[in-house]
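> Have a look at the structure that comes next, please.
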Amino acid sequence: TARATRPNLIITLVDDVGYNDVGWRNSDVKTPFLDSLLRNESEPTVELMRHYAFCVCSPTRASLLTGRLPAHVSQVNLGAEFPATDELVGGMDMRMRTLPQLLGEAGYSTAHVGKWHLGSSQMAQLPSRRGFHESFAFLDGSMHTHLTHMIQPATACGDPGFDLWDNETPIYEHEGVHSCELFATRAVDMIARHDLAKPLFMYVALSEGHGPYDEVPRHSAAAISCSEDTKECDKLRNYRGMIACADEATRNITEALQRQNMWKDTLMVWSSDNGAVDDMGSNAPFRGHKTLMLEGGVRVVALLAGGALPPTAPPKFEGIVHVADWFATFAALAGIDDPSDPDAVQQGLPDIDSINMWPYLTGE
């Protein structure tokens with residue numbers, strides 16, 4: 001079978017997980033698979049000590065997929081709000097080229113599962129029209145519950161509606177399956193169906209641990225947390241259960257790549273989109289939380305893994321990396337010499353801010 005010669009590029013983005021809410025930093029949190037990656041001596045894994053994002057969800061995602069700092073693409077935290085206005089539009093400027101468009105033009109298969117939160121008030125904003133060949137998504141920034149896959153209704157809008165989409169078709173039959181398991185299962189399926197003659201770019205946007213803090217079957221009960229029978233303890237138990245489920249989802253995706261003999265040619269970025277909220281997770285040792293431009297809001301837990309990392313990669317990288325930098329870094333790994341966006345510049349928009357970090361991350 002013909003094989004891709006360029007690395008598979010995977011981004012696993014978790015939601016509102018605190019800097020201190022992972023097992024290797026906090027024994028009260030269960031992330032056994034991620035812990036094992038960092039302890040694995042047979043292949044390198046890089047802990048990113050100074051990985052920065054924006055302080056809320058949508059601008060981080062816009063920054064990631066356009067290669068621009070949030071100030072140059074969108075600092076508005078809108079998702080599936082209807083209707084958008086000329087003055088207030090969530091998501092990415094339609095004139096900006098996205099990372100999946102760039103990689104798709106370079107011969108990659110592009111796939112997306114999970115949260116979108118990058119605009120959906122017009123069809124042209126959907127993942128399937130912004131460069132992803134396949135998308136299994138919810139479009140808003142959060143769910144009414146993680147088990148019903150419905151949109152969180154605005155006060156004046158009455159009952160919630162379904163917000164689960166297979167490309168551009170609404171899907172109704174997965175009620176009762178927690179979003180973490182639902183999206184991980186679809187990601188595994190995408191990998192199993194992948195044409196090995198092409199490299200894969202996959203954006204796995206898990207909604208864990210964003211509220212609402214619904215119980216996660218098999219995980220919440222086992223999560224280590226306070227033992228009092230209170231609403232606050234239930235929320236904390238479920239939050240940590242969501243993180244444990246995200247850890248298991250990462251394991252399942254990694255094992256799917258290994259079964260396809262793809263892991264040895266894969267670079268996986270695993271990161272939170274911003275700090276934990278102020279009344280739930282821990283961003284220790286930093287001040288601040290989600291919504292604040294302090295370290296606790298923007299300095300996020302992150303690591304690199306996969307067989308594409310060379311032996312020279314350091315176990316801890318202390319240099320500054322911004323989420324926008326994955327645009328130029330992935331472009332370089334894909335063999336793209338110039339990832340700039342001249343068409344957008346010609347229309348008066350800022351060019352990308354992204355820096356290729358690969359020489360630094362690999363110790364070169």
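In the structure tokens, each chain is lettered A, B, ... as it comes, each chain's residues begin at 1, and ligands are numbered from 1 in order of appearance.
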Can you list, as a PyMOL selection string, every protein, DNA or RNA residue that comes within 8 Å of A:Asp265 when you count only C-alpha atoms, leaving out same-chain residues fewer than 3 positions away?

chain A and resi 6-8+262+306-308

> Give me a file of those residues, with N, CA, C and O atoms, as a PDB file, in the first residue's frame.


ATOM      1  N   ARG A   6       4.621  12.509   4.448  1.00  0.00           N
ATOM      2  CA  ARG A   6       4.580  13.632   5.378  1.00  0.00           C
ATOM      3  C   ARG A   6       3.818  13.219   6.630  1.00  0.00           C
ATOM      4  O   ARG A   6       2.972  12.330   6.600  1.00  0.00           O
ATOM      5  N   PRO A   7       4.090  13.842   7.759  1.00  0.00           N
ATOM      6  CA  PRO A   7       3.486  13.358   9.005  1.00  0.00           C
ATOM      7  C   PRO A   7       1.984  13.622   9.070  1.00  0.00           C
ATOM      8  O   PRO A   7       1.477  14.606   8.514  1.00  0.00           O
ATOM      9  N   ASN A   8       1.283  12.733   9.755  1.00  0.00           N
ATOM     10  CA  ASN A   8      -0.092  12.997  10.133  1.00  0.00           C
ATOM     11  C   ASN A   8      -0.067  14.040  11.247  1.00  0.00           C
ATOM     12  O   ASN A   8       0.782  13.997  12.145  1.00  0.00           O
ATOM     13  N   MET A 262      -0.034   4.308  11.757  1.00  0.00           N
ATOM     14  CA  MET A 262       0.104   5.736  11.471  1.00  0.00           C
ATOM     15  C   MET A 262       0.815   6.495  12.585  1.00  0.00           C
ATOM     16  O   MET A 262       1.353   7.577  12.343  1.00  0.00           O
ATOM     17  N   GLY A 306       3.903  11.527  19.697  1.00  0.00           N
ATOM     18  CA  GLY A 306       3.838  10.888  18.391  1.00  0.00           C
ATOM     19  C   GLY A 306       5.202  10.570  17.825  1.00  0.00           C
ATOM     20  O   GLY A 306       6.218  11.198  18.175  1.00  0.00           O
ATOM     21  N   GLY A 307       5.238   9.606  16.932  1.00  0.00           N
ATOM     22  CA  GLY A 307       6.483   9.118  16.371  1.00  0.00           C
ATOM     23  C   GLY A 307       7.195  10.100  15.468  1.00  0.00           C
ATOM     24  O   GLY A 307       8.366   9.898  15.145  1.00  0.00           O
ATOM     25  N   ALA A 308       6.505  11.184  15.060  1.00  0.00           N
ATOM     26  CA  ALA A 308       7.164  12.182  14.220  1.00  0.00           C
ATOM     27  C   ALA A 308       8.133  13.052  15.010  1.00  0.00           C
ATOM     28  O   ALA A 308       8.945  13.766  14.417  1.00  0.00           O
TER      29      ALA A 308
END

> What's around A:Gly275 at 9 Å? Count only C-alpha atoms, leave out sequence neighbours fewer than 2 positions away in its own chain, and write the answer as an MDAnalysis selection string.

chainID A and resid 15:19 53:56 272:273 277:278 281:283 288:292 295:301

> Include C-alpha atoms and write out the residues we just selected as a tab-separated table (two decimals), in the first residue's frame.


chain	number	residue	atom	x	y	z
A	15	ASP	CA	-12.14	22.70	26.82
A	16	ASP	CA	-11.66	24.76	30.00
A	17	VAL	CA	-9.18	22.29	31.53
A	18	GLY	CA	-6.94	24.01	34.06
A	19	TYR	CA	-3.14	24.11	33.93
A	53	ALA	CA	-3.99	30.72	24.04
A	54	PHE	CA	-6.76	33.29	24.49
A	55	CYS	CA	-8.77	33.51	27.71
A	56	VAL	CA	-12.03	32.21	26.16
A	272	SER	CA	-6.56	23.14	26.56
A	273	ASP	CA	-8.19	26.15	24.87
A	277	VAL	CA	-13.24	28.60	35.19
A	278	ASP	CA	-12.88	30.34	38.51
A	281	GLY	CA	-10.69	23.72	38.10
A	282	SER	CA	-7.19	24.71	39.17
A	283	ASN	CA	-4.78	26.94	37.25
A	288	GLY	CA	-6.48	34.21	37.15
A	289	HIS	CA	-8.87	31.93	35.29
A	290	LYS	CA	-10.93	31.68	32.11
A	291	THR	CA	-12.05	35.14	30.88
A	292	LEU	CA	-9.03	36.91	32.42
A	295	GLU	CA	-1.47	33.62	33.27
A	296	GLY	CA	-4.22	31.43	34.73
A	297	GLY	CA	-6.51	32.37	31.85
A	298	VAL	CA	-4.11	32.12	28.92
A	299	ARG	CA	-1.20	29.84	29.87
A	300	VAL	CA	-2.60	26.40	29.14
A	301	VAL	CA	-1.64	22.80	29.75

> I want to know what sits within 6 Å of A:Ala137, based on only C-alpha atoms, with residues of the same chain fewer than 4 positions away left out; could you give that as an NGL selection string?

:A and (113-115 or 164-165)

> Return as CSV the residues of stretch 243-336 of chain A lying at most 8 Å from stretch 28-45 of chain A, together with the closest atom-to-atom pair for each and the distance in Å to one decimal, counting only C-alpha atoms, with rows in chain order and ascending residue number.


residue,atom,partner,partner_atom,distance
A:Ile243,CA,A:Thr31,CA,7.2
A:Ala244,CA,A:Lys30,CA,5.5
A:Asp247,CA,A:Thr31,CA,5.4
A:Glu248,CA,A:Phe33,CA,6.9
A:Thr250,CA,A:Phe33,CA,7.7
A:Arg251,CA,A:Phe33,CA,6.1
A:Leu303,CA,A:Thr45,CA,7.2
A:Leu304,CA,A:Thr45,CA,5.7
A:Ala305,CA,A:Thr45,CA,4.7
A:Gly306,CA,A:Thr45,CA,7.3
A:Gly307,CA,A:Glu43,CA,6.9
A:Leu309,CA,A:Pro44,CA,6.4
A:Pro310,CA,A:Pro44,CA,7.1
A:Pro311,CA,A:Pro44,CA,6.1
A:Ala313,CA,A:Pro44,CA,6.5
A:Pro314,CA,A:Pro44,CA,7.7
A:Pro315,CA,A:Thr45,CA,5.9

> With DSSP run on the backbone, what are the strand (DSSP E) residues within stretch 200-254 of chain A? I'd like them as a ChimeraX atom specification.

/A:200-205

> As a PyMOL selection string, please: all residues of stretch 42-132 of chain A that backbone DSSP puts in helix (DSSP H, G or I).

chain A and resi 57-66+70-73+99-105+123-125+127-129

> Take the selection from the previous step and output its residues with C-alpha atoms, as a PDB file, in the first residue's frame.


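Contents of again19.pdb, freshly written:
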ATOM      1  CA  CYS A  57     -12.996  29.507  23.695  1.00  0.00           C
ATOM      2  CA  SER A  58     -13.830  30.856  20.236  1.00  0.00           C
ATOM      3  CA  PRO A  59     -10.899  33.294  19.803  1.00  0.00           C
ATOM      4  CA  THR A  60      -8.446  30.500  20.637  1.00  0.00           C
ATOM      5  CA  ARG A  61      -9.993  28.296  17.958  1.00  0.00           C
ATOM      6  CA  ALA A  62     -10.001  31.124  15.410  1.00  0.00           C
ATOM      7  CA  SER A  63      -6.342  31.789  16.209  1.00  0.00           C
ATOM      8  CA  LEU A  64      -5.472  28.102  15.818  1.00  0.00           C
ATOM      9  CA  LEU A  65      -7.172  27.675  12.455  1.00  0.00           C
ATOM     10  CA  THR A  66      -6.086  30.976  10.847  1.00  0.00           C
ATOM     11  CA  PRO A  70      -6.897  36.741  18.324  1.00  0.00           C
ATOM     12  CA  ALA A  71      -6.647  40.528  17.953  1.00  0.00           C
ATOM     13  CA  HIS A  72      -6.188  40.003  14.196  1.00  0.00           C
ATOM     14  CA  VAL A  73      -8.962  37.495  13.614  1.00  0.00           C
ATOM     15  CA  LEU A  99      -5.372  25.585   8.269  1.00  0.00           C
ATOM     16  CA  PRO A 100      -7.510  22.733   6.852  1.00  0.00           C
ATOM     17  CA  GLN A 101      -7.830  24.632   3.569  1.00  0.00           C
ATOM     18  CA  LEU A 102      -4.055  25.105   3.398  1.00  0.00           C
ATOM     19  CA  LEU A 103      -3.308  21.470   4.232  1.00  0.00           C
ATOM     20  CA  GLY A 104      -6.088  20.193   2.012  1.00  0.00           C
ATOM     21  CA  GLU A 105      -4.608  22.071  -0.937  1.00  0.00           C
ATOM     22  CA  MET A 123     -23.770  27.943   5.600  1.00  0.00           C
ATOM     23  CA  ALA A 124     -20.410  29.251   4.408  1.00  0.00           C
ATOM     24  CA  GLN A 125     -19.160  29.259   8.020  1.00  0.00           C
ATOM     25  CA  PRO A 127     -16.597  23.253   9.026  1.00  0.00           C
ATOM     26  CA  SER A 128     -17.380  21.428   5.782  1.00  0.00           C
ATOM     27  CA  ARG A 129     -17.067  24.741   3.915  1.00  0.00           C
TER      28      ARG A 129
END

> Could you pull the residues within 9 Å of A:Leu126, counting only C-alpha atoms, minus those fewer than 6 positions along the same chain, as an MDAnalysis selection string?

chainID A and resid 116 118:120 139 167:168

> How about saving the chosen residues, all heavy atoms kept, as a PDB file, in the first residue's frame?


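Wrote it out as out_39.pdb, contents follow:
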ATOM      1  N   TRP A 116     -17.250  23.277  17.418  1.00  0.00           N
ATOM      2  CA  TRP A 116     -16.875  24.202  16.351  1.00  0.00           C
ATOM      3  C   TRP A 116     -16.708  25.611  16.927  1.00  0.00           C
ATOM      4  O   TRP A 116     -15.615  26.102  17.072  1.00  0.00           O
ATOM      5  CB  TRP A 116     -17.908  24.172  15.230  1.00  0.00           C
ATOM      6  CG  TRP A 116     -17.577  25.041  14.058  1.00  0.00           C
ATOM      7  CD1 TRP A 116     -18.362  26.023  13.502  1.00  0.00           C
ATOM      8  CD2 TRP A 116     -16.392  25.005  13.237  1.00  0.00           C
ATOM      9  NE1 TRP A 116     -17.739  26.596  12.425  1.00  0.00           N
ATOM     10  CE2 TRP A 116     -16.524  25.988  12.238  1.00  0.00           C
ATOM     11  CE3 TRP A 116     -15.219  24.253  13.266  1.00  0.00           C
ATOM     12  CZ2 TRP A 116     -15.541  26.238  11.275  1.00  0.00           C
ATOM     13  CZ3 TRP A 116     -14.239  24.486  12.316  1.00  0.00           C
ATOM     14  CH2 TRP A 116     -14.402  25.463  11.345  1.00  0.00           C
ATOM     15  N   LEU A 118     -17.114  28.518  15.790  1.00  0.00           N
ATOM     16  CA  LEU A 118     -16.419  29.449  14.912  1.00  0.00           C
ATOM     17  C   LEU A 118     -17.362  30.048  13.881  1.00  0.00           C
ATOM     18  O   LEU A 118     -16.961  30.371  12.770  1.00  0.00           O
ATOM     19  CB  LEU A 118     -15.234  28.750  14.230  1.00  0.00           C
ATOM     20  CG  LEU A 118     -14.050  28.492  15.153  1.00  0.00           C
ATOM     21  CD1 LEU A 118     -13.024  27.597  14.486  1.00  0.00           C
ATOM     22  CD2 LEU A 118     -13.401  29.809  15.583  1.00  0.00           C
ATOM     23  N   GLY A 119     -18.619  30.196  14.285  1.00  0.00           N
ATOM     24  CA  GLY A 119     -19.600  30.802  13.407  1.00  0.00           C
ATOM     25  C   GLY A 119     -20.461  29.777  12.704  1.00  0.00           C
ATOM     26  O   GLY A 119     -19.964  28.761  12.221  1.00  0.00           O
ATOM     27  N   SER A 120     -21.767  30.065  12.653  1.00  0.00           N
ATOM     28  CA  SER A 120     -22.679  29.154  11.960  1.00  0.00           C
ATOM     29  C   SER A 120     -23.977  29.865  11.591  1.00  0.00           C
ATOM     30  O   SER A 120     -24.999  29.228  11.394  1.00  0.00           O
ATOM     31  CB  SER A 120     -22.989  27.937  12.835  1.00  0.00           C
ATOM     32  OG  SER A 120     -23.459  28.341  14.108  1.00  0.00           O
ATOM     33  N   LEU A 139     -22.129  22.940  16.863  1.00  0.00           N
ATOM     34  CA  LEU A 139     -21.697  24.226  16.319  1.00  0.00           C
ATOM     35  C   LEU A 139     -21.579  25.324  17.365  1.00  0.00           C
ATOM     36  O   LEU A 139     -20.824  26.277  17.174  1.00  0.00           O
ATOM     37  CB  LEU A 139     -22.665  24.673  15.216  1.00  0.00           C
ATOM     38  CG  LEU A 139     -22.817  23.689  14.050  1.00  0.00           C
ATOM     39  CD1 LEU A 139     -23.853  24.196  13.056  1.00  0.00           C
ATOM     40  CD2 LEU A 139     -21.488  23.446  13.346  1.00  0.00           C
ATOM     41  N   ASN A 167     -21.397  16.458   8.828  1.00  0.00           N
ATOM     42  CA  ASN A 167     -21.194  17.445   7.762  1.00  0.00           C
ATOM     43  C   ASN A 167     -22.313  18.488   7.843  1.00  0.00           C
ATOM     44  O   ASN A 167     -22.312  19.278   8.765  1.00  0.00           O
ATOM     45  CB  ASN A 167     -21.087  16.764   6.402  1.00  0.00           C
ATOM     46  CG  ASN A 167     -19.815  15.914   6.305  1.00  0.00           C
ATOM     47  OD1 ASN A 167     -18.748  16.336   6.725  1.00  0.00           O
ATOM     48  ND2 ASN A 167     -19.947  14.719   5.754  1.00  0.00           N
ATOM     49  N   GLU A 168     -23.283  18.467   6.949  1.00  0.00           N
ATOM     50  CA  GLU A 168     -24.327  19.496   6.987  1.00  0.00           C
ATOM     51  C   GLU A 168     -25.708  18.917   7.262  1.00  0.00           C
ATOM     52  O   GLU A 168     -26.725  19.560   7.028  1.00  0.00           O
ATOM     53  CB  GLU A 168     -24.305  20.286   5.665  1.00  0.00           C
ATOM     54  CG  GLU A 168     -22.978  21.006   5.464  1.00  0.00           C
ATOM     55  CD  GLU A 168     -22.842  21.691   4.109  1.00  0.00           C
ATOM     56  OE1 GLU A 168     -23.866  21.823   3.400  1.00  0.00           O
ATOM     57  OE2 GLU A 168     -21.723  22.105   3.768  1.00  0.00           O
TER      58      GLU A 168
END

> Extract, using only C-alpha atoms, all DNA, RNA and protein residues at most 10 Å from A:Ala331, discarding same-chain residues fewer than 3 positions from it, and format them as JSON, numbers by chain.

{"A": [99, 102, 103, 106, 326, 327, 328, 334, 335, 336, 337, 338, 339, 340, 356]}

> If you keep N, CA, C and O atoms, can you produce a file of those selected residues as a PDB file, in the first residue's frame?


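Dumped to again.pdb:
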ATOM      1  N   LEU A  99      -6.366  26.662   8.256  1.00  0.00           N
ATOM      2  CA  LEU A  99      -5.372  25.585   8.269  1.00  0.00           C
ATOM      3  C   LEU A  99      -5.850  24.356   7.500  1.00  0.00           C
ATOM      4  O   LEU A  99      -5.077  23.793   6.705  1.00  0.00           O
ATOM      5  N   LEU A 102      -5.459  25.114   3.806  1.00  0.00           N
ATOM      6  CA  LEU A 102      -4.055  25.105   3.398  1.00  0.00           C
ATOM      7  C   LEU A 102      -3.535  23.684   3.256  1.00  0.00           C
ATOM      8  O   LEU A 102      -2.897  23.332   2.260  1.00  0.00           O
ATOM      9  N   LEU A 103      -3.799  22.844   4.271  1.00  0.00           N
ATOM     10  CA  LEU A 103      -3.308  21.470   4.232  1.00  0.00           C
ATOM     11  C   LEU A 103      -4.053  20.638   3.194  1.00  0.00           C
ATOM     12  O   LEU A 103      -3.466  19.754   2.554  1.00  0.00           O
ATOM     13  N   ALA A 106      -2.594  21.038  -0.031  1.00  0.00           N
ATOM     14  CA  ALA A 106      -1.290  20.372  -0.106  1.00  0.00           C
ATOM     15  C   ALA A 106      -1.410  18.851  -0.145  1.00  0.00           C
ATOM     16  O   ALA A 106      -0.395  18.152  -0.074  1.00  0.00           O
ATOM     17  N   TRP A 326       0.851  26.873  15.521  1.00  0.00           N
ATOM     18  CA  TRP A 326       0.704  25.552  14.900  1.00  0.00           C
ATOM     19  C   TRP A 326       0.393  25.670  13.411  1.00  0.00           C
ATOM     20  O   TRP A 326       0.642  24.743  12.640  1.00  0.00           O
ATOM     21  N   PHE A 327      -0.130  26.811  12.991  1.00  0.00           N
ATOM     22  CA  PHE A 327      -0.432  27.023  11.576  1.00  0.00           C
ATOM     23  C   PHE A 327       0.851  26.927  10.744  1.00  0.00           C
ATOM     24  O   PHE A 327       0.953  26.113   9.813  1.00  0.00           O
ATOM     25  N   ALA A 328       1.856  27.744  11.081  1.00  0.00           N
ATOM     26  CA  ALA A 328       3.106  27.732  10.315  1.00  0.00           C
ATOM     27  C   ALA A 328       3.915  26.473  10.575  1.00  0.00           C
ATOM     28  O   ALA A 328       4.598  25.966   9.676  1.00  0.00           O
ATOM     29  N   ALA A 334       4.261  19.912   6.507  1.00  0.00           N
ATOM     30  CA  ALA A 334       3.558  19.445   5.310  1.00  0.00           C
ATOM     31  C   ALA A 334       4.310  19.773   4.031  1.00  0.00           C
ATOM     32  O   ALA A 334       3.844  19.449   2.932  1.00  0.00           O
ATOM     33  N   GLY A 335       5.471  20.429   4.157  1.00  0.00           N
ATOM     34  CA  GLY A 335       6.256  20.755   2.987  1.00  0.00           C
ATOM     35  C   GLY A 335       5.828  22.028   2.293  1.00  0.00           C
ATOM     36  O   GLY A 335       6.176  22.259   1.126  1.00  0.00           O
ATOM     37  N   ILE A 336       5.070  22.872   2.990  1.00  0.00           N
ATOM     38  CA  ILE A 336       4.601  24.138   2.410  1.00  0.00           C
ATOM     39  C   ILE A 336       5.622  25.223   2.747  1.00  0.00           C
ATOM     40  O   ILE A 336       5.831  25.553   3.917  1.00  0.00           O
ATOM     41  N   ASP A 337       6.257  25.783   1.734  1.00  0.00           N
ATOM     42  CA  ASP A 337       7.339  26.745   1.957  1.00  0.00           C
ATOM     43  C   ASP A 337       6.832  28.081   2.475  1.00  0.00           C
ATOM     44  O   ASP A 337       7.488  28.722   3.300  1.00  0.00           O
ATOM     45  N   ASP A 338       5.682  28.513   1.998  1.00  0.00           N
ATOM     46  CA  ASP A 338       5.174  29.835   2.366  1.00  0.00           C
ATOM     47  C   ASP A 338       3.708  29.725   2.777  1.00  0.00           C
ATOM     48  O   ASP A 338       2.830  29.591   1.927  1.00  0.00           O
ATOM     49  N   PRO A 339       3.410  29.765   4.085  1.00  0.00           N
ATOM     50  CA  PRO A 339       2.026  29.627   4.534  1.00  0.00           C
ATOM     51  C   PRO A 339       1.265  30.943   4.608  1.00  0.00           C
ATOM     52  O   PRO A 339       0.145  30.984   5.119  1.00  0.00           O
ATOM     53  N   SER A 340       1.860  32.038   4.113  1.00  0.00           N
ATOM     54  CA  SER A 340       1.208  33.345   4.218  1.00  0.00           C
ATOM     55  C   SER A 340      -0.094  33.356   3.419  1.00  0.00           C
ATOM     56  O   SER A 340      -0.368  32.461   2.616  1.00  0.00           O
ATOM     57  N   ASN A 356       6.928  29.253  12.674  1.00  0.00           N
ATOM     58  CA  ASN A 356       7.276  27.843  12.628  1.00  0.00           C
ATOM     59  C   ASN A 356       8.161  27.507  13.843  1.00  0.00           C
ATOM     60  O   ASN A 356       9.324  27.893  13.907  1.00  0.00           O
TER      61      ASN A 356
END

> For atom CA of A:Asn261 and atom CA of A:Arg193, determine how far apart the two atoms are, in Å to one decimal place.

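Rounded to one decimal, the two atoms are 12.9 Å apart.
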
> Considering only C-alpha atoms, return as a PyMOL selection string whatever protein or nucleic-acid residues lie within 7 Å of A:Glu318, sequence-local ones (same chain, fewer than 4 positions apart) excluded.

chain A and resi 48-50

> What is the distance between atom CA of A:Asp140 and atom CA of A:His322, in Å to one decimal?

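Taking atom CA of A:Asp140 and atom CA of A:His322, their separation equals 23.9 Å.
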